[in-house]
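The structure file my_file39.pdb is reproduced below (PDB, C-alpha atoms and all ligand atoms).
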```pdb
ATOM      1  CA  MET O   1      35.508  -7.886  40.800  1.00  0.00           C
ATOM      2  CA  GLN O   2      31.960  -8.307  42.182  1.00  0.00           C
ATOM      3  CA  PRO O   3      29.456  -9.214  39.386  1.00  0.00           C
ATOM      4  CA  LEU O   4      26.542  -6.782  38.979  1.00  0.00           C
ATOM      5  CA  THR O   5      24.023  -9.621  38.556  1.00  0.00           C
ATOM      6  CA  ASN O   6      23.966 -13.351  39.259  1.00  0.00           C
ATOM      7  CA  ARG O   7      23.238 -14.175  35.588  1.00  0.00           C
ATOM      8  CA  ALA O   8      26.882 -14.806  34.617  1.00  0.00           C
ATOM      9  CA  LYS O   9      27.675 -18.428  33.658  1.00  0.00           C
ATOM     10  CA  SER O  10      31.115 -19.964  33.581  1.00  0.00           C
ATOM     11  CA  VAL O  11      32.034 -21.219  30.071  1.00  0.00           C
ATOM     12  CA  SER O  12      33.018 -24.861  29.688  1.00  0.00           C
ATOM     13  CA  ARG O  13      36.550 -25.240  28.301  1.00  0.00           C
ATOM     14  CA  LYS O  14      36.462 -29.006  27.774  1.00  0.00           C
ATOM     15  CA  PRO O  15      38.121 -30.181  24.536  1.00  0.00           C
ATOM     16  CA  LEU O  16      35.867 -31.209  21.587  1.00  0.00           C
ATOM     17  CA  SER O  17      35.238 -34.909  21.010  1.00  0.00           C
ATOM     18  CA  PHE O  18      36.157 -36.428  17.606  1.00  0.00           C
ATOM     19  CA  LEU O  19      32.532 -36.160  16.338  1.00  0.00           C
ATOM     20  CA  GLU O  20      32.235 -32.578  17.529  1.00  0.00           C
ATOM     21  CA  SER O  21      35.521 -31.624  15.911  1.00  0.00           C
ATOM     22  CA  ILE O  22      34.378 -32.751  12.399  1.00  0.00           C
ATOM     23  CA  TYR O  23      31.073 -30.767  12.775  1.00  0.00           C
ATOM     24  CA  LEU O  24      29.121 -33.268  10.626  1.00  0.00           C
ATOM     25  CA  PRO O  25      26.538 -34.231  13.292  1.00  0.00           C
ATOM     26  CA  ALA O  26      25.834 -30.530  13.921  1.00  0.00           C
ATOM     27  CA  ILE O  27      25.482 -29.891  10.153  1.00  0.00           C
ATOM     28  CA  PHE O  28      23.062 -32.837   9.753  1.00  0.00           C
ATOM     29  CA  LYS O  29      21.090 -31.658  12.758  1.00  0.00           C
ATOM     30  CA  GLY O  30      20.740 -28.218  11.158  1.00  0.00           C
ATOM     31  CA  MET O  31      19.740 -29.734   7.797  1.00  0.00           C
ATOM     32  CA  LEU O  32      17.127 -31.910   9.509  1.00  0.00           C
ATOM     33  CA  ILE O  33      15.540 -28.806  11.013  1.00  0.00           C
ATOM     34  CA  THR O  34      15.514 -27.131   7.559  1.00  0.00           C
ATOM     35  CA  PHE O  35      14.042 -30.305   5.970  1.00  0.00           C
ATOM     36  CA  LYS O  36      11.250 -30.490   8.568  1.00  0.00           C
ATOM     37  CA  HIS O  37      10.172 -26.947   7.636  1.00  0.00           C
ATOM     38  CA  MET O  38       9.531 -28.103   4.049  1.00  0.00           C
ATOM     39  CA  PHE O  39       6.452 -29.952   5.341  1.00  0.00           C
ATOM     40  CA  THR O  40       5.070 -27.252   7.591  1.00  0.00           C
ATOM     41  CA  LYS O  41       2.544 -24.615   6.476  1.00  0.00           C
ATOM     42  CA  ASN O  42       4.161 -21.628   4.775  1.00  0.00           C
ATOM     43  CA  PRO O  43       3.534 -18.567   6.968  1.00  0.00           C
ATOM     44  CA  THR O  44       4.477 -16.096   4.197  1.00  0.00           C
ATOM     45  CA  VAL O  45       1.635 -13.848   3.042  1.00  0.00           C
ATOM     46  CA  TYR O  46       1.990 -12.931  -0.626  1.00  0.00           C
ATOM     47  CA  TYR O  47       1.327  -9.232  -0.162  1.00  0.00           C
ATOM     48  CA  PRO O  48      -0.177  -7.259  -1.941  1.00  0.00           C
ATOM     49  CA  GLU O  49      -2.115 -10.058  -3.717  1.00  0.00           C
ATOM     50  CA  LYS O  50      -3.131 -11.397  -0.301  1.00  0.00           C
ATOM     51  CA  LYS O  51      -3.599  -9.330   2.818  1.00  0.00           C
ATOM     52  CA  ARG O  52      -3.243 -10.474   6.383  1.00  0.00           C
ATOM     53  CA  GLU O  53      -6.372 -10.310   8.513  1.00  0.00           C
ATOM     54  CA  PHE O  54      -6.244  -7.445  10.968  1.00  0.00           C
ATOM     55  CA  SER O  55      -6.758  -8.082  14.637  1.00  0.00           C
ATOM     56  CA  PRO O  56     -10.050  -6.575  15.861  1.00  0.00           C
ATOM     57  CA  VAL O  57      -7.981  -4.301  18.102  1.00  0.00           C
ATOM     58  CA  PHE O  58      -5.572  -3.137  15.357  1.00  0.00           C
ATOM     59  CA  ARG O  59      -4.916   0.613  15.532  1.00  0.00           C
ATOM     60  CA  GLY O  60      -3.570   2.344  12.431  1.00  0.00           C
ATOM     61  CA  LEU O  61      -3.551   5.766  10.850  1.00  0.00           C
ATOM     62  CA  GLN O  62      -5.911   8.329  12.400  1.00  0.00           C
ATOM     63  CA  ILE O  63      -8.955   9.567  10.515  1.00  0.00           C
ATOM     64  CA  LEU O  64     -10.824  12.792  11.237  1.00  0.00           C
ATOM     65  CA  ASN O  65     -14.472  11.923  11.012  1.00  0.00           C
ATOM     66  CA  ARG O  66     -17.473  13.632   9.448  1.00  0.00           C
ATOM     67  CA  ASP O  67     -21.141  13.142  10.195  1.00  0.00           C
ATOM     68  CA  GLU O  68     -23.670  11.644   7.764  1.00  0.00           C
ATOM     69  CA  GLU O  69     -24.164  15.083   6.190  1.00  0.00           C
ATOM     70  CA  GLY O  70     -20.435  15.483   5.479  1.00  0.00           C
ATOM     71  CA  ARG O  71     -19.808  18.055   8.225  1.00  0.00           C
ATOM     72  CA  GLU O  72     -16.577  17.884  10.212  1.00  0.00           C
ATOM     73  CA  ASN O  73     -17.191  16.528  13.706  1.00  0.00           C
ATOM     74  CA  CYS O  74     -14.139  18.070  15.355  1.00  0.00           C
ATOM     75  CA  THR O  75     -14.785  21.080  17.582  1.00  0.00           C
ATOM     76  CA  ALA O  76     -11.100  21.706  18.326  1.00  0.00           C
ATOM     77  CA  CYS O  77     -11.730  21.142  22.042  1.00  0.00           C
ATOM     78  CA  GLY O  78      -8.169  19.870  22.445  1.00  0.00           C
ATOM     79  CA  LEU O  79      -9.034  16.847  24.580  1.00  0.00           C
ATOM     80  CA  CYS O  80      -7.243  14.485  22.192  1.00  0.00           C
ATOM     81  CA  ALA O  81      -4.082  16.617  22.373  1.00  0.00           C
ATOM     82  CA  VAL O  82      -4.216  16.642  26.172  1.00  0.00           C
ATOM     83  CA  ALA O  83      -4.754  12.862  26.292  1.00  0.00           C
ATOM     84  CA  CYS O  84      -1.932  12.142  23.838  1.00  0.00           C
ATOM     85  CA  PRO O  85       1.054  10.812  25.809  1.00  0.00           C
ATOM     86  CA  ALA O  86       3.408  11.508  22.888  1.00  0.00           C
ATOM     87  CA  GLU O  87       2.310  15.141  22.399  1.00  0.00           C
ATOM     88  CA  ALA O  88       1.819  14.331  18.742  1.00  0.00           C
ATOM     89  CA  ILE O  89      -1.333  16.411  18.146  1.00  0.00           C
ATOM     90  CA  THR O  90      -1.564  20.155  17.539  1.00  0.00           C
ATOM     91  CA  MET O  91      -4.492  22.244  16.319  1.00  0.00           C
ATOM     92  CA  GLU O  92      -5.850  25.755  15.963  1.00  0.00           C
ATOM     93  CA  ALA O  93      -9.498  26.489  16.662  1.00  0.00           C
ATOM     94  CA  ALA O  94     -11.728  28.819  14.644  1.00  0.00           C
ATOM     95  CA  GLU O  95     -15.312  30.113  14.928  1.00  0.00           C
ATOM     96  CA  ARG O  96     -17.840  28.885  12.391  1.00  0.00           C
ATOM     97  CA  LYS O  97     -19.236  31.730  10.304  1.00  0.00           C
ATOM     98  CA  ILE O  98     -22.794  32.126   9.082  1.00  0.00           C
ATOM     99  CA  GLY O  99     -23.182  30.043   5.952  1.00  0.00           C
ATOM    100  CA  GLU O 100     -20.625  27.433   7.044  1.00  0.00           C
ATOM    101  CA  GLU O 101     -23.156  25.232   8.855  1.00  0.00           C
ATOM    102  CA  HIS O 102     -22.894  22.650   6.076  1.00  0.00           C
ATOM    103  CA  LEU O 103     -19.091  22.355   6.671  1.00  0.00           C
ATOM    104  CA  TYR O 104     -18.803  22.123  10.442  1.00  0.00           C
ATOM    105  CA  ARG O 105     -21.169  20.446  12.898  1.00  0.00           C
ATOM    106  CA  GLU O 106     -20.438  22.763  15.804  1.00  0.00           C
ATOM    107  CA  GLU O 107     -19.861  26.480  16.283  1.00  0.00           C
ATOM    108  CA  LYS O 108     -16.134  25.845  16.725  1.00  0.00           C
ATOM    109  CA  TYR O 109     -13.973  23.791  14.412  1.00  0.00           C
ATOM    110  CA  ALA O 110     -10.315  22.938  13.816  1.00  0.00           C
ATOM    111  CA  ALA O 111      -8.862  25.409  11.318  1.00  0.00           C
ATOM    112  CA  THR O 112      -5.648  23.383  11.417  1.00  0.00           C
ATOM    113  CA  TYR O 113      -5.102  19.924  12.860  1.00  0.00           C
ATOM    114  CA  GLU O 114      -1.812  18.042  12.694  1.00  0.00           C
ATOM    115  CA  ILE O 115      -0.518  14.697  13.933  1.00  0.00           C
ATOM    116  CA  ASN O 116       3.165  13.905  13.965  1.00  0.00           C
ATOM    117  CA  MET O 117       3.302  10.228  13.039  1.00  0.00           C
ATOM    118  CA  LEU O 118       6.938   9.988  14.099  1.00  0.00           C
ATOM    119  CA  ARG O 119       5.784  10.668  17.643  1.00  0.00           C
ATOM    120  CA  CYS O 120       2.528   8.722  17.573  1.00  0.00           C
ATOM    121  CA  ILE O 121       2.583   5.343  19.330  1.00  0.00           C
ATOM    122  CA  PHE O 122      -0.916   4.377  18.092  1.00  0.00           C
ATOM    123  CA  CYS O 123      -2.187   3.960  21.627  1.00  0.00           C
ATOM    124  CA  GLY O 124      -5.715   5.088  20.699  1.00  0.00           C
ATOM    125  CA  LEU O 125      -6.072   7.499  23.636  1.00  0.00           C
ATOM    126  CA  CYS O 126      -6.989  10.367  21.282  1.00  0.00           C
ATOM    127  CA  GLU O 127      -9.958   8.340  20.032  1.00  0.00           C
ATOM    128  CA  GLU O 128     -11.011   7.460  23.566  1.00  0.00           C
ATOM    129  CA  ALA O 129     -10.732  11.063  24.761  1.00  0.00           C
ATOM    130  CA  CYS O 130     -12.801  12.535  21.915  1.00  0.00           C
ATOM    131  CA  PRO O 131     -16.388  13.352  22.964  1.00  0.00           C
ATOM    132  CA  LYS O 132     -17.509  14.002  19.356  1.00  0.00           C
ATOM    133  CA  ASP O 133     -16.495  10.795  17.567  1.00  0.00           C
ATOM    134  CA  ALA O 134     -14.271  13.078  15.543  1.00  0.00           C
ATOM    135  CA  ILE O 135     -11.119  10.954  15.438  1.00  0.00           C
ATOM    136  CA  TYR O 136     -10.517   7.235  15.182  1.00  0.00           C
ATOM    137  CA  LEU O 137      -7.665   4.901  14.371  1.00  0.00           C
ATOM    138  CA  SER O 138      -8.311   3.093  11.098  1.00  0.00           C
ATOM    139  CA  GLU O 139      -7.089  -0.183   9.615  1.00  0.00           C
ATOM    140  CA  THR O 140      -4.546   1.647   7.445  1.00  0.00           C
ATOM    141  CA  PHE O 141      -0.801   1.718   7.900  1.00  0.00           C
ATOM    142  CA  THR O 142       1.165   4.945   7.895  1.00  0.00           C
ATOM    143  CA  PRO O 143       3.090   4.675   4.620  1.00  0.00           C
ATOM    144  CA  ALA O 144       6.887   4.809   4.582  1.00  0.00           C
ATOM    145  CA  GLU O 145       8.346   8.157   3.536  1.00  0.00           C
ATOM    146  CA  TYR O 146      11.799   9.518   2.706  1.00  0.00           C
ATOM    147  CA  ASN O 147      11.283  12.894   4.351  1.00  0.00           C
ATOM    148  CA  ARG O 148      10.533  13.486   8.045  1.00  0.00           C
ATOM    149  CA  LYS O 149       8.186  16.379   7.210  1.00  0.00           C
ATOM    150  CA  GLN O 150       5.918  14.001   5.293  1.00  0.00           C
ATOM    151  CA  PHE O 151       5.128  12.222   8.546  1.00  0.00           C
ATOM    152  CA  ILE O 152       3.343  15.316   9.835  1.00  0.00           C
ATOM    153  CA  TYR O 153      -0.198  14.783   8.615  1.00  0.00           C
ATOM    154  CA  ASN O 154      -2.381  17.842   8.210  1.00  0.00           C
ATOM    155  CA  LYS O 155      -6.153  18.118   8.428  1.00  0.00           C
ATOM    156  CA  GLN O 156      -6.769  17.543   4.726  1.00  0.00           C
ATOM    157  CA  GLU O 157      -4.733  14.331   4.813  1.00  0.00           C
ATOM    158  CA  LEU O 158      -6.524  13.096   7.925  1.00  0.00           C
ATOM    159  CA  LEU O 159     -10.103  13.987   6.971  1.00  0.00           C
ATOM    160  CA  ILE O 160     -12.366  11.158   5.873  1.00  0.00           C
ATOM    161  CA  PRO O 161     -13.845  11.636   2.354  1.00  0.00           C
ATOM    162  CA  ASN O 162     -17.177  13.416   2.267  1.00  0.00           C
ATOM    163  CA  PRO O 163     -20.051  10.869   2.412  1.00  0.00           C
ATOM    164  CA  ILE O 164     -22.247  13.126   0.279  1.00  0.00           C
ATOM    165  CA  THR O 165     -19.811  13.859  -2.561  1.00  0.00           C
ATOM    166  CA  ASN O 166     -17.714  10.657  -2.387  1.00  0.00           C
ATOM    167  CA  LYS O 167     -19.771   7.951  -0.700  1.00  0.00           C
ATOM    168  CA  GLU O 168     -17.677   5.033  -1.960  1.00  0.00           C
ATOM    169  CA  ALA O 169     -14.384   6.451  -0.619  1.00  0.00           C
ATOM    170  CA  TYR O 170     -16.149   7.349   2.646  1.00  0.00           C
ATOM    171  CA  GLU O 171     -17.428   3.782   3.165  1.00  0.00           C
ATOM    172  CA  LYS O 172     -13.976   2.387   2.314  1.00  0.00           C
ATOM    173  CA  ALA O 173     -12.265   4.674   4.845  1.00  0.00           C
ATOM    174  CA  LEU O 174     -14.857   3.739   7.450  1.00  0.00           C
ATOM    175  CA  GLY O 175     -14.069   0.027   6.933  1.00  0.00           C
ATOM    176  CA  ASN O 176     -15.790  -2.283   9.406  1.00  0.00           C
ATOM    177  CA  ARG O 177     -16.044   0.445  11.987  1.00  0.00           C
ATOM    178  CA  PRO O 178     -19.544   0.708  13.469  1.00  0.00           C
ATOM    179  CA  LYS O 179     -21.092   4.137  13.081  1.00  0.00           C
ATOM    180  CA  LYS O 180     -21.426   5.897  16.437  1.00  0.00           C
ATOM    181  CA  THR O 181     -24.029   8.395  17.492  1.00  0.00           C
ATOM    182  CA  THR O 182     -22.464  11.839  17.828  1.00  0.00           C
ATOM    183  CA  VAL O 183     -23.510  14.245  20.587  1.00  0.00           C
ATOM    184  CA  ASN O 184     -24.348  17.874  19.782  1.00  0.00           C
ATOM    185  CA  SER O 185     -23.138  20.502  22.255  1.00  0.00           C
TER     186      SER O 185
HETATM  187  S1  LIG I   1      -2.741   7.253  19.007  1.00  0.00           S
HETATM  188 FE1  LIG I   1      -1.862   7.850  21.000  1.00  0.00          FE
HETATM  189  S2  LIG I   1       0.136   8.677  20.520  1.00  0.00           S
HETATM  190 FE2  LIG I   1      -0.994   8.643  18.591  1.00  0.00          FE
HETATM  191  S3  LIG I   1      -1.916  10.661  18.417  1.00  0.00           S
HETATM  192 FE3  LIG I   1      -3.425   9.340  19.429  1.00  0.00          FE
HETATM  193  S4  LIG I   1      -3.081   9.613  21.634  1.00  0.00           S
HETATM  194 FE4  LIG I   1      -1.257  10.401  20.539  1.00  0.00          FE
HETATM  195  S1  LIG I   2     -10.666  15.262  17.615  1.00  0.00           S
HETATM  196 FE1  LIG I   2     -12.196  15.202  19.263  1.00  0.00          FE
HETATM  197  S2  LIG I   2     -11.034  15.515  21.149  1.00  0.00           S
HETATM  198 FE2  LIG I   2      -9.712  16.168  19.446  1.00  0.00          FE
HETATM  199  S3  LIG I   2     -10.093  18.367  19.277  1.00  0.00           S
HETATM  200 FE3  LIG I   2     -11.482  17.345  17.853  1.00  0.00          FE
HETATM  201  S4  LIG I   2     -13.400  17.078  19.030  1.00  0.00           S
HETATM  202 FE4  LIG I   2     -11.772  17.527  20.510  1.00  0.00          FE
END
```
Mind turning the file's structure into structure tokens?
Ligand code: SF4
Ligand code: SF4
Amino acid sequence: MQPLTNRAKSVSRKPLSFLESIYLPAIFKGMLITFKHMFTKNPTVYYPEKKREFSPVFRGLQILNRDEEGRENCTACGLCAVACPAEAITMEAAERKIGEEHLYREEKYAATYEINMLRCIFCGLCEEACPKDAIYLSETFTPAEYNRKQFIYNKQELLIPNPITNKEAYEKALGNRPKKTTVNS
């Protein structure tokens, strides 16, 4: 039969020598490798007491951003959903009513906003597509869950804490992320 690739190698069938047949040299070789590792630096990080440094380009759980006055930045324009290659984002837009100016920056806002974390590949395209600095990928992992439905994050779970009412939690969620200037429509 013709092979599909040229990667096949013929296996040597030569009989084992005496040393090979007692396996001791191979066992000592393996033990020597184990012994050498006793003198190398331990790469284990004792989580959660110690935490590994994140790469500057690490992309974790999405956060829906607010401005300095605590208003939601998202205008439900849908650009993030269009940019998302995994079709993980869905939302419903709503019109801001009179008296809601302190809640939403723009005249339109996301009444619902969901991300399916089982679909998300953390590519960051939603953040890049957003013209309002309304979504960014934080330095937080998506926690493990037992139920698939719990991986669908709704707006309340994604929203950053309000900087006016909960400044400490807001700063923590922001992490080392530089504050960007948002553009009003
Ligand atoms: S990080 Fe990528 S895959 Fe995940 S929601 Fe954003 S655009 Fe979609
Ligand atoms: S997060 Fe940004 S891109 Fe997505 S709907 Fe809101 S404003 Fe538009």
At most 10 Å from ligand LIG 1 (chain I) (all atoms listed in the file): residue list as a compact mmCIF listing (two decimals) with C-alpha atoms, in the coordinates of the input:
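See selection-v6.txt below for the written result:
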```
# COMPACT_ATOMS: atom_id res chain seq x y z
CA ARG O 59 -4.92 0.61 15.53
CA GLY O 60 -3.57 2.34 12.43
CA LEU O 61 -3.55 5.77 10.85
CA GLN O 62 -5.91 8.33 12.40
CA LEU O 79 -9.03 16.85 24.58
CA CYS O 80 -7.24 14.48 22.19
CA ALA O 81 -4.08 16.62 22.37
CA VAL O 82 -4.22 16.64 26.17
CA ALA O 83 -4.75 12.86 26.29
CA CYS O 84 -1.93 12.14 23.84
CA PRO O 85 1.05 10.81 25.81
CA ALA O 86 3.41 11.51 22.89
CA GLU O 87 2.31 15.14 22.40
CA ALA O 88 1.82 14.33 18.74
CA ILE O 89 -1.33 16.41 18.15
CA THR O 90 -1.56 20.16 17.54
CA GLU O 114 -1.81 18.04 12.69
CA ILE O 115 -0.52 14.70 13.93
CA ASN O 116 3.16 13.90 13.96
CA MET O 117 3.30 10.23 13.04
CA LEU O 118 6.94 9.99 14.10
CA ARG O 119 5.78 10.67 17.64
CA CYS O 120 2.53 8.72 17.57
CA ILE O 121 2.58 5.34 19.33
CA PHE O 122 -0.92 4.38 18.09
CA CYS O 123 -2.19 3.96 21.63
CA GLY O 124 -5.72 5.09 20.70
CA LEU O 125 -6.07 7.50 23.64
CA CYS O 126 -6.99 10.37 21.28
CA GLU O 127 -9.96 8.34 20.03
CA GLU O 128 -11.01 7.46 23.57
CA ALA O 129 -10.73 11.06 24.76
CA ILE O 135 -11.12 10.95 15.44
CA TYR O 136 -10.52 7.24 15.18
CA LEU O 137 -7.66 4.90 14.37
```
Measuring atom to atom with all atoms listed in the file, identify which of O:Leu4, O:Ala93, O:Val45, O:Leu16 is nearest to ligand LIG 2 (chain I).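 That would be O:Ala93, the residue with the smallest distance to ligand LIG 2 (chain I).
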Among listed residues O:Arg177, O:Arg71, O:Lys50, O:Lys9, nearest Asn162 (chain O) (using only C-alpha atoms): O:Arg71
Quick one: pull the distance between atom S3 of ligand LIG 2 (chain I) and CA of Ile98 (chain O), Å, one decimal.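 Pair atom S3 of ligand LIG 2 (chain I) / CA of Ile98 (chain O) returns 21.3 Å.
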Once the PyMOL selection byres (((chain O and resi 76) around 7) and not hetatm) has been evaluated on this model, what residues remain selected, and can you format them as an MDAnalysis selection string? chainID O and resid 74:75 77:78 91 93 108:110
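Proximity to ligand LIG 2 (chain I) was assessed for O:Thr40, O:Ser17, O:Asn73, O:Thr5 counting all atoms listed in the file; the smallest distance is recorded for O:Asn73.
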Separation of CA of Gln150 (chain O) from CA of Tyr113 (chain O), in Å and rounded to one decimal: 14.6 Å
Find, counting all atoms listed in the file, the residue in O:Tyr46, O:Phe28, O:Tyr104, O:Phe58 that gets nearest to ligand LIG 2 (chain I).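 With all atoms listed in the file as the atom set, the closest residue is O:Tyr104.
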Could you tell me, as a PyMOL selection string, exactly which residues end up selected when the PyMOL selection byres (((chain O and resi 69) around 10) and not hetatm) is applied to this structure? chain O and resi 66-68+70-72+102-105+162-165
Using only C-alpha atoms, find the one residue out of O:Asn154, O:Ser10, O:Asn166, O:Asn176 that sits nearest to Glu92 (chain O). O:Asn154
CA of Cys130 (chain O) to atom FE4 of ligand LIG 2 (chain I), straight-line distance in Å: 5.3 Å
In the coordinate frame of the file, compute which residues have an atom within 7 Å of (0.9, 8.8, 9.7) when using all atoms listed in the file, and state them as a PyMOL selection string. chain O and resi 61+117+142-143+151-153
Using only C-alpha atoms, which protein or nucleic acid residues come within 9 Å of Ile63 (chain O)? Drop anything in the same chain fewer than 4 positions from it, and give the result as a short mmCIF file (atom, residue, chain, number, x, y, z; two decimals) with C-alpha atoms, keeping the file's coordinate frame.
```cif
data_model
loop_
_atom_site.label_atom_id
_atom_site.label_comp_id
_atom_site.auth_asym_id
_atom_site.auth_seq_id
_atom_site.Cartn_x
_atom_site.Cartn_y
_atom_site.Cartn_z
CA ALA O 134 -14.27 13.08 15.54
CA ILE O 135 -11.12 10.95 15.44
CA TYR O 136 -10.52 7.24 15.18
CA LEU O 137 -7.66 4.90 14.37
CA SER O 138 -8.31 3.09 11.10
CA GLU O 157 -4.73 14.33 4.81
CA LEU O 158 -6.52 13.10 7.92
CA LEU O 159 -10.10 13.99 6.97
CA ILE O 160 -12.37 11.16 5.87
CA ALA O 173 -12.26 4.67 4.84
CA LEU O 174 -14.86 3.74 7.45
#
```
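Distances here use all atoms listed in the file; by that measure, the residue among O:Arg52, O:Lys155, O:Lys14, O:Arg96 closest to ligand LIG 2 (chain I) is O:Lys155.
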May I have the centre and edge lengths, in Å to one decimal, of an axis-aligned box around the listed atoms of ligand LIG 2 (chain I) with 6 Å added to every side, as JSON?
```
{"center_x": -11.6, "center_y": 16.8, "center_z": 19.4, "size_x": 15.7, "size_y": 15.2, "size_z": 15.5}
```
